[in-house]
$ cat model-v2.txt   # compact mmCIF, C-alpha atoms
# COMPACT_ATOMS: atom_id res chain seq x y z
CA MET A 20 23.21 -36.59 3.02
CA ALA A 21 20.50 -35.66 5.56
CA GLN A 22 23.13 -33.95 7.76
CA HIS A 23 24.50 -32.01 4.78
CA ALA A 24 20.99 -30.85 3.84
CA THR A 25 20.29 -29.77 7.41
CA LEU A 26 23.54 -27.78 7.70
CA ALA A 27 22.94 -26.17 4.32
CA THR A 28 19.41 -25.20 5.32
CA LEU A 29 20.64 -23.75 8.60
CA ARG A 30 23.24 -21.68 6.75
CA GLU A 31 20.55 -20.28 4.45
CA ILE A 32 18.32 -19.45 7.42
CA ASN A 33 21.20 -17.65 9.14
CA ALA A 34 21.89 -15.69 5.98
CA SER A 35 18.24 -14.63 5.76
CA VAL A 36 18.25 -13.47 9.39
CA VAL A 37 21.44 -11.45 8.87
CA LEU A 38 20.06 -9.94 5.67
CA THR A 39 16.85 -8.92 7.43
CA ALA A 40 18.87 -7.16 10.14
CA ILE A 41 21.00 -5.29 7.61
CA ARG A 42 17.99 -4.27 5.53
CA ALA A 43 16.16 -2.94 8.59
CA ASP A 44 18.87 -0.40 9.49
CA PRO A 45 21.76 -0.15 7.02
CA PRO A 46 24.68 0.10 7.11
CA LEU A 47 25.68 -2.36 9.84
CA SER A 48 29.02 -3.81 10.88
CA ARG A 49 29.61 -7.48 11.64
CA ALA A 50 29.69 -6.72 15.36
CA GLU A 51 26.41 -4.80 15.21
CA VAL A 52 24.73 -7.61 13.25
CA SER A 53 25.93 -10.06 15.90
CA ARG A 54 24.46 -7.92 18.68
CA ARG A 55 21.11 -7.47 16.94
CA THR A 56 20.63 -11.08 15.89
CA GLY A 57 22.17 -12.80 18.91
CA MET A 58 24.41 -14.84 16.59
CA THR A 59 28.09 -15.49 17.23
CA LYS A 60 30.57 -13.49 15.19
CA PRO A 61 31.79 -16.58 13.27
CA THR A 62 28.17 -17.42 12.35
CA VAL A 63 27.58 -13.86 11.17
CA ALA A 64 30.81 -13.93 9.15
CA ASN A 65 29.76 -17.18 7.49
CA ALA A 66 26.32 -15.75 6.66
CA LEU A 67 27.86 -12.58 5.24
CA ASP A 68 30.15 -14.64 3.01
CA LEU A 69 27.09 -16.33 1.57
CA LEU A 70 25.25 -13.02 1.10
CA LEU A 71 28.26 -11.48 -0.62
CA ALA A 72 28.50 -14.51 -2.92
CA ALA A 73 24.80 -14.07 -3.73
CA GLY A 74 25.33 -10.38 -4.49
CA LEU A 75 22.66 -9.39 -1.96
CA VAL A 76 24.89 -7.19 0.21
CA ARG A 77 27.93 -5.04 -0.43
CA GLN A 78 30.44 -3.10 1.61
CA ALA A 79 29.22 0.39 2.50
CA ALA A 80 30.66 3.62 3.76
CA PRO A 81 30.60 3.71 7.56
CA PRO A 82 28.16 6.06 9.27
CA GLY A 83 29.82 9.05 10.90
CA GLU A 84 33.55 9.42 11.40
CA THR A 85 34.32 7.04 14.28
CA HIS A 86 34.21 3.42 13.18
CA TYR A 87 37.55 1.97 14.34
CA GLY A 88 38.24 0.18 11.06
CA ALA A 89 35.00 -1.84 11.13
CA VAL A 90 33.59 -2.97 7.79
CA TYR A 91 29.96 -2.05 7.15
CA PHE A 92 27.40 -3.69 4.88
CA GLU A 93 24.24 -2.58 3.11
CA PRO A 94 21.65 -4.43 0.98
CA VAL A 95 21.67 -4.30 -2.81
CA HIS A 96 18.17 -3.35 -3.93
CA THR A 97 18.79 -2.94 -7.66
CA LEU A 98 19.04 -6.62 -8.64
CA ALA A 99 15.37 -6.92 -9.59
CA HIS A 100 12.32 -4.70 -9.88
CA VAL A 101 8.63 -4.58 -9.08
CA LEU A 102 5.60 -3.28 -10.98
CA ALA A 103 3.02 -1.38 -8.92
CA LEU A 104 -0.48 -0.69 -10.29
CA ASP A 105 -3.44 1.37 -9.11
CA ILE A 106 -6.58 0.43 -11.06
CA GLY A 107 -8.78 3.47 -10.59
CA THR A 108 -11.97 4.92 -12.04
CA ARG A 109 -10.41 6.98 -14.83
CA PHE A 110 -6.80 5.79 -14.87
CA VAL A 111 -4.63 2.77 -14.43
CA ARG A 112 -1.57 4.25 -12.73
CA GLY A 113 1.71 2.38 -12.66
CA ALA A 114 5.25 2.62 -11.38
CA ILE A 115 8.45 0.61 -11.44
CA CYS A 116 10.44 0.43 -8.22
CA ASP A 117 13.50 -1.42 -7.01
CA LEU A 118 13.50 -3.95 -4.18
CA GLY A 119 13.93 -1.13 -1.69
CA GLY A 120 10.70 0.52 -2.83
CA ALA A 121 12.35 3.49 -4.59
CA MET A 122 10.30 4.65 -7.59
CA LEU A 123 12.25 4.62 -10.84
CA ALA A 124 9.54 5.55 -13.36
CA ARG A 125 5.80 6.21 -13.50
CA HIS A 126 3.26 5.88 -16.30
CA ASP A 127 -0.53 6.50 -16.22
CA GLN A 128 -3.03 5.19 -18.76
CA ARG A 129 -6.51 6.70 -19.09
CA ILE A 130 -9.42 4.23 -19.32
CA ALA A 131 -12.90 4.84 -20.72
CA ASP A 132 -14.67 2.18 -18.65
CA SER A 133 -14.06 -0.58 -16.12
CA ALA A 134 -14.70 -3.58 -18.34
CA PRO A 135 -12.17 -6.32 -17.53
CA GLU A 136 -10.65 -6.27 -21.02
CA THR A 137 -10.24 -2.49 -20.85
CA VAL A 138 -8.53 -2.70 -17.46
CA LEU A 139 -6.24 -5.56 -18.48
CA ALA A 140 -5.27 -3.84 -21.74
CA ALA A 141 -4.47 -0.64 -19.82
CA ALA A 142 -2.38 -2.57 -17.28
CA LYS A 143 -0.42 -4.16 -20.14
CA ALA A 144 0.05 -0.73 -21.77
CA VAL A 145 1.39 0.67 -18.47
CA HIS A 146 3.70 -2.33 -18.12
CA ASP A 147 5.02 -1.91 -21.67
CA GLY A 148 5.39 1.86 -21.33
CA LEU A 149 7.43 1.52 -18.15
CA LEU A 150 9.70 -1.18 -19.53
CA GLU A 151 10.41 0.52 -22.88
CA GLY A 152 12.83 3.08 -21.46
CA GLY A 153 14.45 0.74 -18.97
CA GLY A 154 17.64 0.00 -20.90
CA ASP A 155 19.48 -2.86 -19.21
CA ARG A 156 17.28 -2.65 -16.09
CA PRO A 157 16.82 -6.09 -14.47
CA GLY A 158 13.49 -7.80 -15.02
CA LEU A 159 10.35 -7.77 -12.90
CA GLU A 160 10.03 -10.06 -9.92
CA VAL A 161 6.35 -9.46 -9.14
CA ALA A 162 3.42 -7.12 -9.87
CA VAL A 163 1.15 -5.75 -7.13
CA ALA A 164 -2.15 -4.11 -8.02
CA GLY A 165 -4.74 -2.23 -6.03
CA VAL A 166 -8.28 -2.81 -7.27
CA PRO A 167 -11.64 -1.31 -6.29
CA GLY A 168 -13.44 -3.99 -4.33
CA VAL A 169 -13.14 -6.85 -1.89
CA VAL A 170 -10.57 -9.38 -3.11
CA ASP A 171 -10.92 -13.00 -2.03
CA PRO A 172 -7.51 -13.64 -0.42
CA ARG A 173 -7.40 -17.29 -1.49
CA GLU A 174 -8.72 -17.13 -5.04
CA GLY A 175 -7.75 -13.61 -6.08
CA VAL A 176 -11.29 -12.93 -7.30
CA ILE A 177 -13.08 -9.59 -6.89
CA ARG A 178 -16.18 -10.37 -4.85
CA GLU A 179 -17.61 -6.90 -4.24
CA SER A 180 -16.93 -3.70 -6.14
CA ASN A 181 -18.53 -0.34 -6.79
CA ARG A 182 -17.95 -1.20 -10.46
CA ALA A 183 -20.23 -4.06 -11.37
CA GLU A 184 -18.15 -5.04 -14.42
CA LEU A 185 -15.31 -6.19 -12.16
CA GLU A 186 -17.30 -8.38 -9.79
CA GLY A 187 -16.43 -12.05 -10.13
CA VAL A 188 -13.30 -11.37 -12.21
CA PRO A 189 -10.33 -13.63 -11.27
CA ILE A 190 -8.13 -10.56 -11.38
CA ARG A 191 -4.98 -12.08 -9.91
CA ALA A 192 -4.75 -14.85 -12.50
CA ARG A 193 -5.74 -12.60 -15.40
CA LEU A 194 -3.21 -9.92 -14.48
CA ALA A 195 -0.44 -12.49 -14.15
CA GLU A 196 -1.34 -13.84 -17.60
CA ALA A 197 -1.50 -10.39 -19.19
CA LEU A 198 1.76 -9.16 -17.67
CA GLY A 199 3.77 -12.39 -17.76
CA VAL A 200 4.85 -12.02 -14.13
CA PRO A 201 3.46 -13.31 -10.80
CA ALA A 202 0.78 -10.93 -9.54
CA GLU A 203 -0.58 -10.03 -6.13
CA VAL A 204 -3.89 -8.15 -5.86
CA GLU A 205 -5.18 -6.14 -2.90
CA ASN A 206 -8.12 -3.91 -2.13
CA ASP A 207 -7.04 -0.43 -3.22
CA VAL A 208 -7.87 1.28 0.08
CA THR A 209 -5.92 -1.35 2.03
CA LEU A 210 -2.92 -0.60 -0.17
CA ALA A 211 -3.46 3.13 0.40
CA ALA A 212 -3.15 2.46 4.14
CA VAL A 213 0.06 0.53 3.47
CA GLY A 214 1.32 3.52 1.48
CA GLU A 215 0.51 5.95 4.29
CA HIS A 216 2.27 3.65 6.75
CA ALA A 217 5.35 3.42 4.53
CA SER A 218 5.86 7.10 3.75
CA GLY A 219 2.77 9.16 4.54
CA ALA A 220 0.85 10.51 7.51
CA GLY A 221 0.71 7.04 9.13
CA ARG A 222 4.46 6.55 9.23
CA GLY A 223 5.49 5.43 12.71
CA VAL A 224 1.86 4.91 13.81
CA ASP A 225 0.96 1.33 14.72
CA ASP A 226 -2.84 1.68 14.77
CA PHE A 227 -4.54 3.91 12.23
CA ALA A 228 -7.12 3.94 9.44
CA PHE A 229 -7.04 5.41 5.96
CA LEU A 230 -10.55 6.60 5.07
CA SER A 231 -10.95 7.04 1.33
CA ILE A 232 -13.88 9.26 0.33
CA GLY A 233 -14.49 9.61 -3.37
CA ALA A 234 -16.99 7.99 -5.70
CA GLY A 235 -17.28 5.41 -2.91
CA VAL A 236 -16.17 5.20 0.70
CA GLY A 237 -13.88 2.60 2.22
CA ALA A 238 -11.35 2.24 4.99
CA GLY A 239 -7.97 0.56 5.09
CA LEU A 240 -6.76 -0.54 8.52
CA VAL A 241 -3.26 -0.86 9.93
CA LEU A 242 -3.36 -2.56 13.34
CA SER A 243 -0.26 -3.37 15.39
CA GLY A 244 1.81 -2.11 12.48
CA ARG A 245 0.34 -4.55 9.93
CA PRO A 246 -2.44 -4.19 7.34
CA HIS A 247 -5.64 -5.82 8.57
CA ARG A 248 -7.64 -7.41 5.75
CA GLY A 249 -10.15 -9.49 7.70
CA HIS A 250 -11.18 -13.12 7.25
CA ARG A 251 -12.57 -12.60 3.73
CA GLY A 252 -10.63 -9.48 2.77
CA ALA A 253 -13.61 -7.24 3.58
CA ALA A 254 -12.28 -5.29 6.58
CA GLY A 255 -13.01 -1.58 6.30
CA GLU A 256 -16.21 -1.79 4.26
CA VAL A 257 -17.94 0.96 6.27
CA ASP A 258 -20.31 2.37 3.66
CA ASN A 259 -22.19 -0.49 2.00
CA PRO A 260 -25.42 0.81 0.40
CA PRO A 261 -28.77 -0.92 0.94
CA PRO A 262 -29.69 -3.57 -1.67
CA GLY A 263 -30.69 -2.02 -4.97
CA GLN A 264 -29.25 1.42 -4.16
CA GLU A 265 -26.06 2.97 -5.53
CA PHE A 266 -25.13 4.66 -2.26
CA ALA A 267 -26.28 4.92 1.33
CA PRO A 268 -28.56 7.94 1.86
CA ASP A 269 -26.26 9.41 4.57
CA SER A 270 -23.00 8.53 2.82
CA PRO A 271 -20.20 11.11 2.58
CA SER A 272 -19.39 9.81 -0.94
CA ALA A 273 -19.29 12.13 -3.93
CA ASP A 274 -22.47 10.68 -5.44
CA ALA A 275 -24.43 11.11 -2.22
CA LEU A 276 -23.05 14.63 -1.73
CA VAL A 277 -24.05 15.71 -5.23
CA SER A 278 -27.51 14.11 -4.98
CA TRP A 279 -28.35 15.63 -1.58
CA SER A 280 -26.97 19.07 -2.47
CA ALA A 281 -28.93 19.09 -5.75
CA ALA A 282 -32.17 18.58 -3.81
CA LEU A 283 -31.27 21.45 -1.48
CA LEU A 284 -29.98 23.87 -4.13
CA GLY A 285 -32.26 22.98 -7.00
CA GLU A 286 -29.22 22.43 -9.26
CA ARG A 287 -26.41 19.92 -9.58
CA ARG A 288 -22.94 21.04 -8.64
CA THR A 289 -19.73 19.04 -8.64
CA PRO A 290 -17.98 18.41 -5.33
CA GLU A 291 -15.23 20.80 -6.47
CA GLU A 292 -17.81 23.54 -7.01
CA LEU A 293 -19.45 22.89 -3.64
CA PHE A 294 -16.16 23.10 -1.75
CA ALA A 295 -15.20 26.27 -3.65
CA ALA A 296 -18.57 27.84 -2.79
CA GLY A 297 -18.08 26.84 0.84
CA ARG A 298 -14.68 28.53 0.92
CA ALA A 299 -16.34 31.66 -0.51
CA GLY A 300 -18.86 31.62 2.34
CA GLU A 301 -21.99 30.86 0.30
CA PRO A 302 -24.58 30.05 3.02
CA LYS A 303 -26.16 26.99 1.40
CA ALA A 304 -22.76 25.57 0.52
CA VAL A 305 -21.58 26.09 4.10
CA GLU A 306 -24.67 24.21 5.30
CA ILE A 307 -23.99 21.37 2.86
CA LEU A 308 -20.34 21.06 3.90
CA THR A 309 -21.29 21.09 7.58
CA GLU A 310 -23.53 18.09 6.89
CA GLN A 311 -20.71 16.52 4.87
CA ALA A 312 -18.46 16.92 7.91
CA ARG A 313 -21.06 15.22 10.12
CA ARG A 314 -21.41 12.28 7.71
CA THR A 315 -17.65 11.88 7.58
CA ALA A 316 -17.45 11.99 11.38
CA VAL A 317 -20.07 9.22 11.63
CA ARG A 318 -17.91 6.90 9.51
CA ILE A 319 -14.81 7.75 11.54
CA ALA A 320 -16.72 7.07 14.76
CA GLU A 321 -17.76 3.63 13.49
CA ILE A 322 -14.12 2.73 12.90
CA THR A 323 -12.96 4.22 16.19
CA LYS A 324 -15.52 2.41 18.33
CA VAL A 325 -14.36 -0.97 17.01
CA ALA A 326 -10.65 -0.54 16.35
CA ASP A 327 -9.68 2.31 18.74
CA VAL A 328 -7.19 3.72 16.22
CA GLU A 329 -4.81 6.53 17.10
CA LEU A 330 -5.14 8.30 13.75
CA VAL A 331 -7.49 8.51 10.77
CA VAL A 332 -6.01 9.74 7.48
CA LEU A 333 -8.45 11.15 4.92
CA GLY A 334 -7.84 10.49 1.24
CA GLY A 335 -9.64 10.17 -2.08
CA GLY A 336 -10.99 13.17 -3.97
CA ILE A 337 -13.47 14.26 -1.28
CA GLY A 338 -11.14 13.24 1.53
CA LEU A 339 -8.35 15.47 0.22
CA ALA A 340 -10.76 18.39 -0.19
CA SER A 341 -11.86 17.84 3.42
CA ALA A 342 -8.84 19.83 4.58
CA ASP A 343 -11.26 22.77 4.26
CA ILE A 344 -13.69 21.26 6.79
CA LEU A 345 -11.32 19.34 9.06
CA GLY A 346 -12.24 21.48 12.06
CA ARG A 347 -15.94 20.77 11.51
CA ILE A 348 -15.25 17.04 11.24
CA GLU A 349 -13.31 17.13 14.50
CA ALA A 350 -16.13 19.02 16.23
CA ALA A 351 -18.76 16.53 15.00
CA LEU A 352 -16.55 13.59 15.99
CA ALA A 353 -16.10 14.92 19.52
CA VAL A 354 -19.86 14.59 20.02
CA LEU A 355 -19.90 10.99 18.79
CA VAL A 356 -16.95 9.38 20.63
CA ARG A 357 -15.41 10.04 24.01
CA ARG A 358 -11.78 9.73 22.88
CA PRO A 359 -11.61 10.72 19.20
CA PRO A 360 -8.54 9.87 17.13
CA ARG A 361 -6.26 12.43 15.56
CA LEU A 362 -7.23 13.40 12.02
CA ALA A 363 -4.96 14.17 9.09
CA VAL A 364 -5.33 14.66 5.35
CA SER A 365 -3.10 12.51 3.14
CA GLY A 366 -0.04 14.22 1.75
CA LEU A 367 0.41 11.57 -0.96
CA GLY A 368 -2.12 13.19 -3.32
CA ASP A 369 -3.33 10.78 -6.00
CA ALA A 370 -0.62 8.22 -5.20
CA PRO A 371 -1.30 6.49 -1.84
CA VAL A 372 -2.47 3.27 -3.55
CA LEU A 373 0.56 3.33 -5.86
CA VAL A 374 2.93 4.00 -2.95
CA GLY A 375 1.32 1.12 -1.05
CA ALA A 376 1.63 -1.18 -4.05
CA MET A 377 5.33 -0.31 -4.30
CA ALA A 378 5.88 -0.95 -0.59
CA ARG A 379 4.04 -4.27 -0.72
CA GLY A 380 5.71 -5.22 -4.00
CA ALA A 381 9.17 -4.43 -2.65
CA GLN A 382 8.50 -6.67 0.34
CA LEU A 383 7.20 -9.56 -1.77
CA GLY A 384 9.84 -9.14 -4.45
CA TRP A 385 12.63 -9.00 -1.90
CA GLU A 386 11.43 -12.17 -0.16
CA ARG A 387 11.04 -14.09 -3.44
CA PHE A 388 14.28 -12.89 -4.98
CA THR A 389 16.55 -13.20 -1.95
CA THR A 390 15.32 -16.68 -1.04
CA ARG A 391 16.18 -17.85 -4.55
CA ARG A 392 19.57 -16.10 -4.68
CA ILE A 393 20.65 -17.40 -1.26
CA SER A 394 19.73 -20.97 -2.23
CA GLU A 395 21.59 -20.67 -5.54
CA ALA A 396 24.70 -19.29 -3.80
CA ALA A 397 24.55 -22.04 -1.19
CA VAL A 398 24.44 -24.71 -3.91
CA ARG A 399 27.43 -23.14 -5.71
CA SER A 400 29.44 -23.01 -2.48
CA ASN A 401 28.86 -26.73 -1.91
CA THR A 402 29.91 -27.88 -5.40

$ encode --input "model-v2.txt" --output "structure tokens"
Amino acid sequence: MAQHATLATLREINASVVLTAIRADPPLSRAEVSRRTGMTKPTVANALDLLLAAGLVRQAAPPGETHYGAVYFEPVHTLAHVLALDIGTRFVRGAICDLGGAMLARHDQRIADSAPETVLAAAKAVHDGLLEGGGDRPGLEVAVAGVPGVVDPREGVIRESNRAELEGVPIRARLAEALGVPAEVENDVTLAAVGEHASGAGRGVDDFAFLSIGAGVGAGLVLSGRPHRGHRGAAGEVDNPPPGQEFAPDSPSADALVSWSAALLGERRTPEELFAAGRAGEPKAVEILTEQARRTAVRIAEITKVADVELVVLGGGIGLASADILGRIEAALAVLVRRPPRLAVSGLGDAPVLVGAMARGAQLGWERFTTRRISEAAVRSNT
């Protein structure tokens, strides 16, 4: 019995390795899988039989014209689906994707406040809205949500947030209960970095930061090709205000920008109005945006001095608008660090967190689903 269990386990491990190789660069032939995994051709054939029985791979059209009769295989990503959520200031944004990360539908729900019950009700409304038009679409495997704040990686509790109502909320457990599906929760800016790495400006870059500048400021880090969360999930918190204050006096956040510019101008203007006035050449607005560029450069320099990233991607409402002052940020940064990173503005618009949640969800969902399906197929083959 012990030998049978060991052989069965080995067969499942081999199948997982073969599946990983096929998923990384489909379609692949048996011979190519053998070369990439180092497995013998009979071992690969046995693993493919198990994967075909599990429905996790299928025969695919060969790439190009010359294939010498070889049979090619590709993964099947449509067997289950993932819910991605971005819990923002004004909206809870959601999307359904397959296990390959391809978005199938999107639904946004406006929220009036950040009270836990409001957020959870909105997440459930997004979930229901996305599933209503799904027809015979397979069920959800997992939900991944980006939330504003530091998330305790062990307990799934929000420990720090720029929205006081959410601090201390066991968001992972409460989301799972509300949605009826296992939930994973990440800091929203960390997920934005994952999104940029998957299909944005950070694609193909192993070491970069996503600097989100909006109502608050935070950084998501990708180091050696992997998201870096830190020991307590607090990596990238580069703009913590002093105790008792809503924002740091020299912060590039929207609140700090509006407050400082109001003192200079004698009137309050929105960030959108300030950037528009700067584009029009209004002298005071140009002065304000030059200072905004300097403040942004200071935060980038802090990241660069510690992590030595190749690239910093700017996102969030203010970060996206910073395309207008990118040259001024680069000039200020050159004074602060000897070897400044490249700068780019996110091309994912309002969706980097959602894209990151889909990428992370597809990874988690694929691992959960395929492990189960391979084990089930292995049991059937032994009965």

$ closest_residue --input "model-v2.txt" --among "A:Leu67, A:Pro46, A:Glu349, A:Lys143" --to "Ala397 of chain A" --atoms "only C-alpha atoms"
A:Leu67

$ closest_residue --input "model-v2.txt" --among "A:Pro45, A:Pro371, A:Gly384, A:Gly175" --to "Gly239 of chain A" --atoms "only C-alpha atoms"
A:Pro371

$ residues_near_point --input "model-v2.txt" --point "(-27.2, -3.5, -3.8)" --cutoff "12 Å" --atoms "all atoms listed in the file" --output "list of chain:residue names"
A:Glu179, A:Ser180, A:Asn181, A:Arg182, A:Ala183, A:Asp258, A:Asn259, A:Pro260, A:Pro261, A:Pro262, A:Gly263, A:Gln264, A:Glu265, A:Phe266, A:Ala267

$ write_last_selection --input "model-v2.txt" --atoms "C-alpha atoms" --output "short mmCIF file (atom, residue, chain, number, x, y, z; two decimals), in the coordinates of the input"
data_model
loop_
_atom_site.label_atom_id
_atom_site.label_comp_id
_atom_site.auth_asym_id
_atom_site.auth_seq_id
_atom_site.Cartn_x
_atom_site.Cartn_y
_atom_site.Cartn_z
CA GLU A 179 -17.61 -6.90 -4.24
CA SER A 180 -16.93 -3.70 -6.14
CA ASN A 181 -18.53 -0.34 -6.79
CA ARG A 182 -17.95 -1.20 -10.46
CA ALA A 183 -20.23 -4.06 -11.37
CA ASP A 258 -20.31 2.37 3.66
CA ASN A 259 -22.19 -0.49 2.00
CA PRO A 260 -25.42 0.81 0.40
CA PRO A 261 -28.77 -0.92 0.94
CA PRO A 262 -29.69 -3.57 -1.67
CA GLY A 263 -30.69 -2.02 -4.97
CA GLN A 264 -29.25 1.42 -4.16
CA GLU A 265 -26.06 2.97 -5.53
CA PHE A 266 -25.13 4.66 -2.26
CA ALA A 267 -26.28 4.92 1.33
#

$ atom_distance --input "model-v2.txt" --atom1 "atom CA of Gly336 of chain A" --atom2 "atom CA of Gly233 of chain A"
5.0 Å

$ residues_around --input "model-v2.txt" --residues "Gly57 of chain A" --least-positions-apart "6" --cutoff "12 Å" --atoms "only C-alpha atoms" --output "ChimeraX atom specification"
/A:33,36-37,40,49-51,63

$ decode --input "model-v2.txt" --residues "segment 348-356 of chain A" --atoms "all heavy atoms" --output "PDB file, in the first residue's frame"
ATOM      1  N   ILE A 348       9.948  65.672 -12.828  1.00  0.00           N
ATOM      2  CA  ILE A 348      10.240  64.638 -11.826  1.00  0.00           C
ATOM      3  C   ILE A 348      11.616  64.035 -12.097  1.00  0.00           C
ATOM      4  O   ILE A 348      12.427  63.845 -11.177  1.00  0.00           O
ATOM      5  CB  ILE A 348       9.160  63.540 -11.841  1.00  0.00           C
ATOM      6  CG1 ILE A 348       7.791  64.119 -11.458  1.00  0.00           C
ATOM      7  CG2 ILE A 348       9.528  62.406 -10.879  1.00  0.00           C
ATOM      8  CD1 ILE A 348       6.638  63.143 -11.627  1.00  0.00           C
ATOM      9  N   GLU A 349      11.888  63.740 -13.364  1.00  0.00           N
ATOM     10  CA  GLU A 349      13.183  63.160 -13.718  1.00  0.00           C
ATOM     11  C   GLU A 349      14.329  64.113 -13.379  1.00  0.00           C
ATOM     12  O   GLU A 349      15.378  63.681 -12.874  1.00  0.00           O
ATOM     13  CB  GLU A 349      13.194  62.818 -15.207  1.00  0.00           C
ATOM     14  CG  GLU A 349      12.287  61.649 -15.567  1.00  0.00           C
ATOM     15  CD  GLU A 349      12.148  61.443 -17.062  1.00  0.00           C
ATOM     16  OE1 GLU A 349      12.307  62.438 -17.823  1.00  0.00           O
ATOM     17  OE2 GLU A 349      11.855  60.310 -17.481  1.00  0.00           O
ATOM     18  N   ALA A 350      14.134  65.403 -13.622  1.00  0.00           N
ATOM     19  CA  ALA A 350      15.177  66.382 -13.315  1.00  0.00           C
ATOM     20  C   ALA A 350      15.421  66.467 -11.809  1.00  0.00           C
ATOM     21  O   ALA A 350      16.570  66.526 -11.348  1.00  0.00           O
ATOM     22  CB  ALA A 350      14.786  67.750 -13.863  1.00  0.00           C
ATOM     23  N   ALA A 351      14.343  66.474 -11.024  1.00  0.00           N
ATOM     24  CA  ALA A 351      14.489  66.524  -9.565  1.00  0.00           C
ATOM     25  C   ALA A 351      15.131  65.248  -9.042  1.00  0.00           C
ATOM     26  O   ALA A 351      15.947  65.279  -8.111  1.00  0.00           O
ATOM     27  CB  ALA A 351      13.123  66.747  -8.918  1.00  0.00           C
ATOM     28  N   LEU A 352      14.792  64.112  -9.637  1.00  0.00           N
ATOM     29  CA  LEU A 352      15.333  62.831  -9.188  1.00  0.00           C
ATOM     30  C   LEU A 352      16.832  62.736  -9.472  1.00  0.00           C
ATOM     31  O   LEU A 352      17.585  62.165  -8.676  1.00  0.00           O
ATOM     32  CB  LEU A 352      14.579  61.696  -9.891  1.00  0.00           C
ATOM     33  CG  LEU A 352      14.896  60.266  -9.468  1.00  0.00           C
ATOM     34  CD1 LEU A 352      14.619  60.055  -7.988  1.00  0.00           C
ATOM     35  CD2 LEU A 352      14.070  59.288 -10.305  1.00  0.00           C
ATOM     36  N   ALA A 353      17.259  63.313 -10.580  1.00  0.00           N
ATOM     37  CA  ALA A 353      18.679  63.265 -10.942  1.00  0.00           C
ATOM     38  C   ALA A 353      19.554  63.986  -9.926  1.00  0.00           C
ATOM     39  O   ALA A 353      20.746  63.674  -9.788  1.00  0.00           O
ATOM     40  CB  ALA A 353      18.874  63.875 -12.329  1.00  0.00           C
ATOM     41  N   VAL A 354      18.977  64.925  -9.192  1.00  0.00           N
ATOM     42  CA  VAL A 354      19.717  65.639  -8.149  1.00  0.00           C
ATOM     43  C   VAL A 354      19.811  64.801  -6.872  1.00  0.00           C
ATOM     44  O   VAL A 354      20.742  64.944  -6.076  1.00  0.00           O
ATOM     45  CB  VAL A 354      19.046  66.996  -7.857  1.00  0.00           C
ATOM     46  CG1 VAL A 354      19.733  67.726  -6.711  1.00  0.00           C
ATOM     47  CG2 VAL A 354      19.026  67.866  -9.108  1.00  0.00           C
ATOM     48  N   LEU A 355      18.854  63.905  -6.685  1.00  0.00           N
ATOM     49  CA  LEU A 355      18.736  63.169  -5.424  1.00  0.00           C
ATOM     50  C   LEU A 355      19.472  61.831  -5.420  1.00  0.00           C
ATOM     51  O   LEU A 355      19.913  61.372  -4.363  1.00  0.00           O
ATOM     52  CB  LEU A 355      17.255  62.926  -5.116  1.00  0.00           C
ATOM     53  CG  LEU A 355      16.402  64.182  -4.886  1.00  0.00           C
ATOM     54  CD1 LEU A 355      14.924  63.805  -4.812  1.00  0.00           C
ATOM     55  CD2 LEU A 355      16.829  64.892  -3.616  1.00  0.00           C
ATOM     56  N   VAL A 356      19.572  61.170  -6.554  1.00  0.00           N
ATOM     57  CA  VAL A 356      20.233  59.860  -6.628  1.00  0.00           C
ATOM     58  C   VAL A 356      21.199  59.834  -7.798  1.00  0.00           C
ATOM     59  O   VAL A 356      20.955  60.460  -8.835  1.00  0.00           O
ATOM     60  CB  VAL A 356      19.216  58.695  -6.752  1.00  0.00           C
ATOM     61  CG1 VAL A 356      18.383  58.564  -5.495  1.00  0.00           C
ATOM     62  CG2 VAL A 356      18.328  58.872  -7.961  1.00  0.00           C
TER      63      VAL A 356
END
